[in-house]
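Participant: Before I ask anything, let me first share the structure, which is written out below as structure tokens.
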Amino acid sequence: MMKKALLMASLLAAPFLTHAHTIQVSPELKIGAYRGAGLQVGLPNTLGFDAVFFDYGHTRYSSNAYDETLHSYRVGLQQMFGQAATHGFQVSIGGVQYDGSKREESRSATGVSIGANYVYQMTDNLAVRTGLDINVFDNQQTYIPADILSNWNLGFILRF
């Protein structure tokens, strides 16, 4: 499923890449009970927004009893506000793949992944962002005790 999502995102982005003059890259740290990293790759000034991007995240939880991994794939939009356009907002939606094991038992599930970030544009080529990822599953198919799993994100944006 994830290979299909990457292929679909690549096919959707191909027409825009031929006209792109700049690219936006944004690494991030995911902080919470589940920790990890993520990467956004996007195109500024696309489709009437300040940026359109693809967001990938890898999050993990390990303990003596559990070993759980999440892979999230989202498509998102960024819009800056105000006359100086220094403050903005990102929103993204997509899917998430869960793989977990508890001793010798394992479970896999898919769900919906939603992201929201506040963006502060420091210079023309550098911004910082912070926000929240929310992943929703059927908790009967995972070892997560609730239907919703959230993580706090902290990252920066570079434009080339």
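Letters A, B, ... mark the chains of the structure tokens in the order given; residue numbers begin at 1 per chain; ligand numbers begin at 1, in order shown.
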Would you mind listing what lies within 7 Å of region 113-130 of chain A as number ranges by chain, with only C-alpha atoms counted and same-chain residues fewer than 5 positions away left out?

Facilitator: A: 72, 86-96, 135-136, 153-160

Participant: Identify all residues of chain A in alpha helix (DSSP H) (DSSP on the backbone) and supply them as a list in words.

Facilitator: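 After running DSSP on the backbone, chain A has alpha helix (DSSP H) at Met2, Lys3, Lys4, Ala5, Leu6, Leu7, Met8, Ala9, Ser10, Leu11, Leu12, Ala13, Ala14, Pro15, Phe16 and Leu17 of chain A.
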
Participant: Please produce a file of those selected residues containing N, CA, C and O atoms, as a PDB file, in the first residue's frame.

Facilitator:
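What follows is the written file out.pdb:
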```
ATOM      1  N   MET A   2       1.956   1.253   0.768  1.00  0.00           N
ATOM      2  CA  MET A   2       2.791   2.448   0.877  1.00  0.00           C
ATOM      3  C   MET A   2       3.538   2.721  -0.429  1.00  0.00           C
ATOM      4  O   MET A   2       3.724   3.872  -0.794  1.00  0.00           O
ATOM      5  N   LYS A   3       3.931   1.670  -1.132  1.00  0.00           N
ATOM      6  CA  LYS A   3       4.587   1.870  -2.426  1.00  0.00           C
ATOM      7  C   LYS A   3       3.608   2.502  -3.410  1.00  0.00           C
ATOM      8  O   LYS A   3       3.988   3.358  -4.196  1.00  0.00           O
ATOM      9  N   LYS A   4       2.355   2.092  -3.332  1.00  0.00           N
ATOM     10  CA  LYS A   4       1.329   2.689  -4.188  1.00  0.00           C
ATOM     11  C   LYS A   4       1.127   4.160  -3.854  1.00  0.00           C
ATOM     12  O   LYS A   4       0.959   4.986  -4.736  1.00  0.00           O
ATOM     13  N   ALA A   5       1.162   4.492  -2.564  1.00  0.00           N
ATOM     14  CA  ALA A   5       0.989   5.889  -2.143  1.00  0.00           C
ATOM     15  C   ALA A   5       2.145   6.751  -2.645  1.00  0.00           C
ATOM     16  O   ALA A   5       1.942   7.862  -3.125  1.00  0.00           O
ATOM     17  N   LEU A   6       3.368   6.244  -2.550  1.00  0.00           N
ATOM     18  CA  LEU A   6       4.523   6.996  -3.051  1.00  0.00           C
ATOM     19  C   LEU A   6       4.458   7.171  -4.558  1.00  0.00           C
ATOM     20  O   LEU A   6       4.759   8.244  -5.089  1.00  0.00           O
ATOM     21  N   LEU A   7       4.063   6.124  -5.260  1.00  0.00           N
ATOM     22  CA  LEU A   7       3.939   6.209  -6.713  1.00  0.00           C
ATOM     23  C   LEU A   7       2.872   7.221  -7.102  1.00  0.00           C
ATOM     24  O   LEU A   7       3.074   8.041  -8.000  1.00  0.00           O
ATOM     25  N   MET A   8       1.737   7.193  -6.421  1.00  0.00           N
ATOM     26  CA  MET A   8       0.649   8.125  -6.716  1.00  0.00           C
ATOM     27  C   MET A   8       1.085   9.564  -6.455  1.00  0.00           C
ATOM     28  O   MET A   8       0.814  10.452  -7.256  1.00  0.00           O
ATOM     29  N   ALA A   9       1.775   9.798  -5.345  1.00  0.00           N
ATOM     30  CA  ALA A   9       2.252  11.146  -5.042  1.00  0.00           C
ATOM     31  C   ALA A   9       3.249  11.621  -6.092  1.00  0.00           C
ATOM     32  O   ALA A   9       3.227  12.778  -6.502  1.00  0.00           O
ATOM     33  N   SER A  10       4.114  10.748  -6.547  1.00  0.00           N
ATOM     34  CA  SER A  10       5.086  11.100  -7.586  1.00  0.00           C
ATOM     35  C   SER A  10       4.395  11.463  -8.887  1.00  0.00           C
ATOM     36  O   SER A  10       4.761  12.430  -9.557  1.00  0.00           O
ATOM     37  N   LEU A  11       3.389  10.681  -9.253  1.00  0.00           N
ATOM     38  CA  LEU A  11       2.656  10.960 -10.494  1.00  0.00           C
ATOM     39  C   LEU A  11       1.888  12.275 -10.407  1.00  0.00           C
ATOM     40  O   LEU A  11       1.819  13.025 -11.387  1.00  0.00           O
ATOM     41  N   LEU A  12       1.326  12.559  -9.236  1.00  0.00           N
ATOM     42  CA  LEU A  12       0.587  13.814  -9.071  1.00  0.00           C
ATOM     43  C   LEU A  12       1.516  15.021  -9.088  1.00  0.00           C
ATOM     44  O   LEU A  12       1.151  16.087  -9.556  1.00  0.00           O
ATOM     45  N   ALA A  13       2.739  14.855  -8.574  1.00  0.00           N
ATOM     46  CA  ALA A  13       3.683  15.972  -8.505  1.00  0.00           C
ATOM     47  C   ALA A  13       4.412  16.221  -9.811  1.00  0.00           C
ATOM     48  O   ALA A  13       4.903  17.326 -10.049  1.00  0.00           O
ATOM     49  N   ALA A  14       4.502  15.243 -10.680  1.00  0.00           N
ATOM     50  CA  ALA A  14       5.298  15.356 -11.913  1.00  0.00           C
ATOM     51  C   ALA A  14       4.956  16.572 -12.761  1.00  0.00           C
ATOM     52  O   ALA A  14       5.871  17.282 -13.201  1.00  0.00           O
ATOM     53  N   PRO A  15       3.700  16.897 -13.030  1.00  0.00           N
ATOM     54  CA  PRO A  15       3.416  18.073 -13.860  1.00  0.00           C
ATOM     55  C   PRO A  15       3.898  19.384 -13.236  1.00  0.00           C
ATOM     56  O   PRO A  15       4.294  20.298 -13.948  1.00  0.00           O
ATOM     57  N   PHE A  16       3.897  19.466 -11.907  1.00  0.00           N
ATOM     58  CA  PHE A  16       4.316  20.692 -11.236  1.00  0.00           C
ATOM     59  C   PHE A  16       5.831  20.823 -11.193  1.00  0.00           C
ATOM     60  O   PHE A  16       6.362  21.912 -11.172  1.00  0.00           O
ATOM     61  N   LEU A  17       6.541  19.697 -11.146  1.00  0.00           N
ATOM     62  CA  LEU A  17       7.998  19.737 -11.058  1.00  0.00           C
ATOM     63  C   LEU A  17       8.638  20.319 -12.310  1.00  0.00           C
ATOM     64  O   LEU A  17       9.708  20.903 -12.247  1.00  0.00           O
TER      65      LEU A  17
END
```

Participant: Leaving out Phe53 (chain A) and any residue of its chain fewer than 4 positions from it, which residues lie within 7 Å of it when counting only C-alpha atoms, given as a ChimeraX atom specification?

Facilitator: /A:40-43,75-77

Participant: Would you work out the distance separating CA of Asn151 (chain A) from CA of Arg35 (chain A), expressed in Å to one decimal?

Facilitator: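 Separating CA of Asn151 (chain A) from CA of Arg35 (chain A) is a distance of 7.8 Å.
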
Participant: Could you produce a table of the residues of region 42-125 of chain A lying within 7 Å of region 138-142 of chain A, with the nearest pair of atoms per residue and their separation in Å rounded to one decimal, using only C-alpha atoms, ordered by chain and increasing residue number, as JSON lines?

Facilitator:
```
{"residue": "A:Gly100", "atom": "CA", "partner": "A:Thr142", "partner_atom": "CA", "distance": 6.9}
{"residue": "A:Arg107", "atom": "CA", "partner": "A:Thr142", "partner_atom": "CA", "distance": 6.0}
{"residue": "A:Ser108", "atom": "CA", "partner": "A:Gln141", "partner_atom": "CA", "distance": 6.7}
{"residue": "A:Ala109", "atom": "CA", "partner": "A:Gln141", "partner_atom": "CA", "distance": 5.9}
```

Participant: DSSP on the backbone, then: every residue of region 14-156 of chain A marked strand (DSSP E or B), written as a ChimeraX atom specification.

Facilitator: /A:24-31,35-46,49-62,66-81,87-102,105-121,126-136,148-156

Participant: Would you list the contacts of Leu39 (chain A) as a PyMOL selection string, taking every protein, DNA or RNA residue within 9 Å and counting only C-alpha atoms, but skipping same-chain residues closer than 3 positions in sequence?

Facilitator: chain A and resi 25-29+54-57+155

Participant: Just all heavy atoms for this one: save the residues we selected as a PDB file, in the first residue's frame.

Facilitator:
```pdb
ATOM      1  N   VAL A  25      12.061  21.929   1.421  1.00  0.00           N
ATOM      2  CA  VAL A  25      12.419  20.713   2.142  1.00  0.00           C
ATOM      3  C   VAL A  25      12.335  21.009   3.632  1.00  0.00           C
ATOM      4  O   VAL A  25      12.843  22.036   4.098  1.00  0.00           O
ATOM      5  CB  VAL A  25      13.842  20.241   1.767  1.00  0.00           C
ATOM      6  CG1 VAL A  25      14.232  19.015   2.560  1.00  0.00           C
ATOM      7  CG2 VAL A  25      13.940  19.977   0.277  1.00  0.00           C
ATOM      8  N   SER A  26      11.702  20.101   4.380  1.00  0.00           N
ATOM      9  CA  SER A  26      11.494  20.359   5.795  1.00  0.00           C
ATOM     10  C   SER A  26      11.650  19.086   6.628  1.00  0.00           C
ATOM     11  O   SER A  26      10.725  18.285   6.716  1.00  0.00           O
ATOM     12  CB  SER A  26      10.105  20.954   6.010  1.00  0.00           C
ATOM     13  OG  SER A  26       9.893  21.204   7.379  1.00  0.00           O
ATOM     14  N   PRO A  27      12.813  18.895   7.261  1.00  0.00           N
ATOM     15  CA  PRO A  27      12.956  17.776   8.200  1.00  0.00           C
ATOM     16  C   PRO A  27      12.301  18.120   9.536  1.00  0.00           C
ATOM     17  O   PRO A  27      12.161  19.290   9.881  1.00  0.00           O
ATOM     18  CB  PRO A  27      14.470  17.630   8.350  1.00  0.00           C
ATOM     19  CG  PRO A  27      15.012  18.976   8.024  1.00  0.00           C
ATOM     20  CD  PRO A  27      14.054  19.616   7.059  1.00  0.00           C
ATOM     21  N   GLU A  28      11.892  17.067  10.275  1.00  0.00           N
ATOM     22  CA  GLU A  28      11.238  17.302  11.560  1.00  0.00           C
ATOM     23  C   GLU A  28      11.554  16.185  12.540  1.00  0.00           C
ATOM     24  O   GLU A  28      11.861  15.063  12.133  1.00  0.00           O
ATOM     25  CB  GLU A  28       9.725  17.412  11.390  1.00  0.00           C
ATOM     26  CG  GLU A  28       9.057  16.115  11.013  1.00  0.00           C
ATOM     27  CD  GLU A  28       7.559  16.234  10.813  1.00  0.00           C
ATOM     28  OE1 GLU A  28       6.988  17.310  11.044  1.00  0.00           O
ATOM     29  OE2 GLU A  28       6.954  15.228  10.423  1.00  0.00           O
ATOM     30  N   LEU A  29      11.443  16.498  13.817  1.00  0.00           N
ATOM     31  CA  LEU A  29      11.498  15.519  14.891  1.00  0.00           C
ATOM     32  C   LEU A  29      10.090  15.317  15.406  1.00  0.00           C
ATOM     33  O   LEU A  29       9.330  16.277  15.558  1.00  0.00           O
ATOM     34  CB  LEU A  29      12.386  16.012  16.032  1.00  0.00           C
ATOM     35  CG  LEU A  29      13.869  16.112  15.740  1.00  0.00           C
ATOM     36  CD1 LEU A  29      14.598  16.711  16.941  1.00  0.00           C
ATOM     37  CD2 LEU A  29      14.444  14.751  15.401  1.00  0.00           C
ATOM     38  N   PHE A  54       4.407  16.942   0.124  1.00  0.00           N
ATOM     39  CA  PHE A  54       4.228  15.555   0.511  1.00  0.00           C
ATOM     40  C   PHE A  54       4.967  15.370   1.827  1.00  0.00           C
ATOM     41  O   PHE A  54       6.092  15.832   1.981  1.00  0.00           O
ATOM     42  CB  PHE A  54       4.793  14.613  -0.564  1.00  0.00           C
ATOM     43  CG  PHE A  54       4.730  13.169  -0.174  1.00  0.00           C
ATOM     44  CD1 PHE A  54       3.532  12.484  -0.200  1.00  0.00           C
ATOM     45  CD2 PHE A  54       5.874  12.503   0.240  1.00  0.00           C
ATOM     46  CE1 PHE A  54       3.467  11.155   0.179  1.00  0.00           C
ATOM     47  CE2 PHE A  54       5.819  11.179   0.618  1.00  0.00           C
ATOM     48  CZ  PHE A  54       4.612  10.499   0.587  1.00  0.00           C
ATOM     49  N   ASP A  55       4.351  14.709   2.780  1.00  0.00           N
ATOM     50  CA  ASP A  55       4.892  14.565   4.126  1.00  0.00           C
ATOM     51  C   ASP A  55       5.006  13.083   4.477  1.00  0.00           C
ATOM     52  O   ASP A  55       4.023  12.348   4.403  1.00  0.00           O
ATOM     53  CB  ASP A  55       3.937  15.260   5.106  1.00  0.00           C
ATOM     54  CG  ASP A  55       4.473  15.383   6.509  1.00  0.00           C
ATOM     55  OD1 ASP A  55       5.472  14.733   6.845  1.00  0.00           O
ATOM     56  OD2 ASP A  55       3.877  16.138   7.289  1.00  0.00           O
ATOM     57  N   TYR A  56       6.213  12.629   4.826  1.00  0.00           N
ATOM     58  CA  TYR A  56       6.433  11.253   5.268  1.00  0.00           C
ATOM     59  C   TYR A  56       6.917  11.283   6.708  1.00  0.00           C
ATOM     60  O   TYR A  56       7.749  12.107   7.076  1.00  0.00           O
ATOM     61  CB  TYR A  56       7.498  10.553   4.410  1.00  0.00           C
ATOM     62  CG  TYR A  56       7.949   9.243   5.010  1.00  0.00           C
ATOM     63  CD1 TYR A  56       7.129   8.123   4.962  1.00  0.00           C
ATOM     64  CD2 TYR A  56       9.163   9.141   5.675  1.00  0.00           C
ATOM     65  CE1 TYR A  56       7.517   6.936   5.537  1.00  0.00           C
ATOM     66  CE2 TYR A  56       9.562   7.952   6.246  1.00  0.00           C
ATOM     67  CZ  TYR A  56       8.740   6.848   6.181  1.00  0.00           C
ATOM     68  OH  TYR A  56       9.128   5.670   6.761  1.00  0.00           O
ATOM     69  N   GLY A  57       6.400  10.380   7.524  1.00  0.00           N
ATOM     70  CA  GLY A  57       6.830  10.286   8.913  1.00  0.00           C
ATOM     71  C   GLY A  57       7.064   8.847   9.328  1.00  0.00           C
ATOM     72  O   GLY A  57       6.335   7.933   8.914  1.00  0.00           O
ATOM     73  N   GLY A 155      10.187  21.280  13.520  1.00  0.00           N
ATOM     74  CA  GLY A 155      11.002  21.202  12.318  1.00  0.00           C
ATOM     75  C   GLY A 155      11.347  22.571  11.775  1.00  0.00           C
ATOM     76  O   GLY A 155      10.977  23.608  12.333  1.00  0.00           O
TER      77      GLY A 155
END
```

Participant: When you count only C-alpha atoms, which of these residues is closest to Ile134 (chain A): A:Ile23, A:Ala146, A:Met80, A:Ala85?

Facilitator: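 Among A:Ile23, A:Ala146, A:Met80, A:Ala85, it is A:Ala146 that comes nearest to Ile134 (chain A).
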
Participant: Tell me which protein, DNA and RNA residues are within 9 Å of Trp152 (chain A), counting only C-alpha atoms, leaving out same-chain ones fewer than 6 positions away, and put them as an NGL selection string.

Facilitator: :A and (29-32 or 130-133)

Participant: Name all residues at most 9 Å from Tyr66 (chain A) (count only C-alpha atoms; drop same-chain ones fewer than 5 positions away) and give them as a VMD selection string.

Facilitator: chain A and resid 61 100 to 103 143

Participant: Counting only C-alpha atoms, figure out which residue out of A:Ser62, A:Thr22, A:Pro145, A:Gln97 gets nearest to Pro44 (chain A).

Facilitator: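 Closest candidate: A:Thr22.
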
Participant: Could you check which of A:Asp147, A:Glu68, A:Glu104, A:Asp99 is closest to Ala33 (chain A), using only C-alpha atoms?

Facilitator: A:Glu68
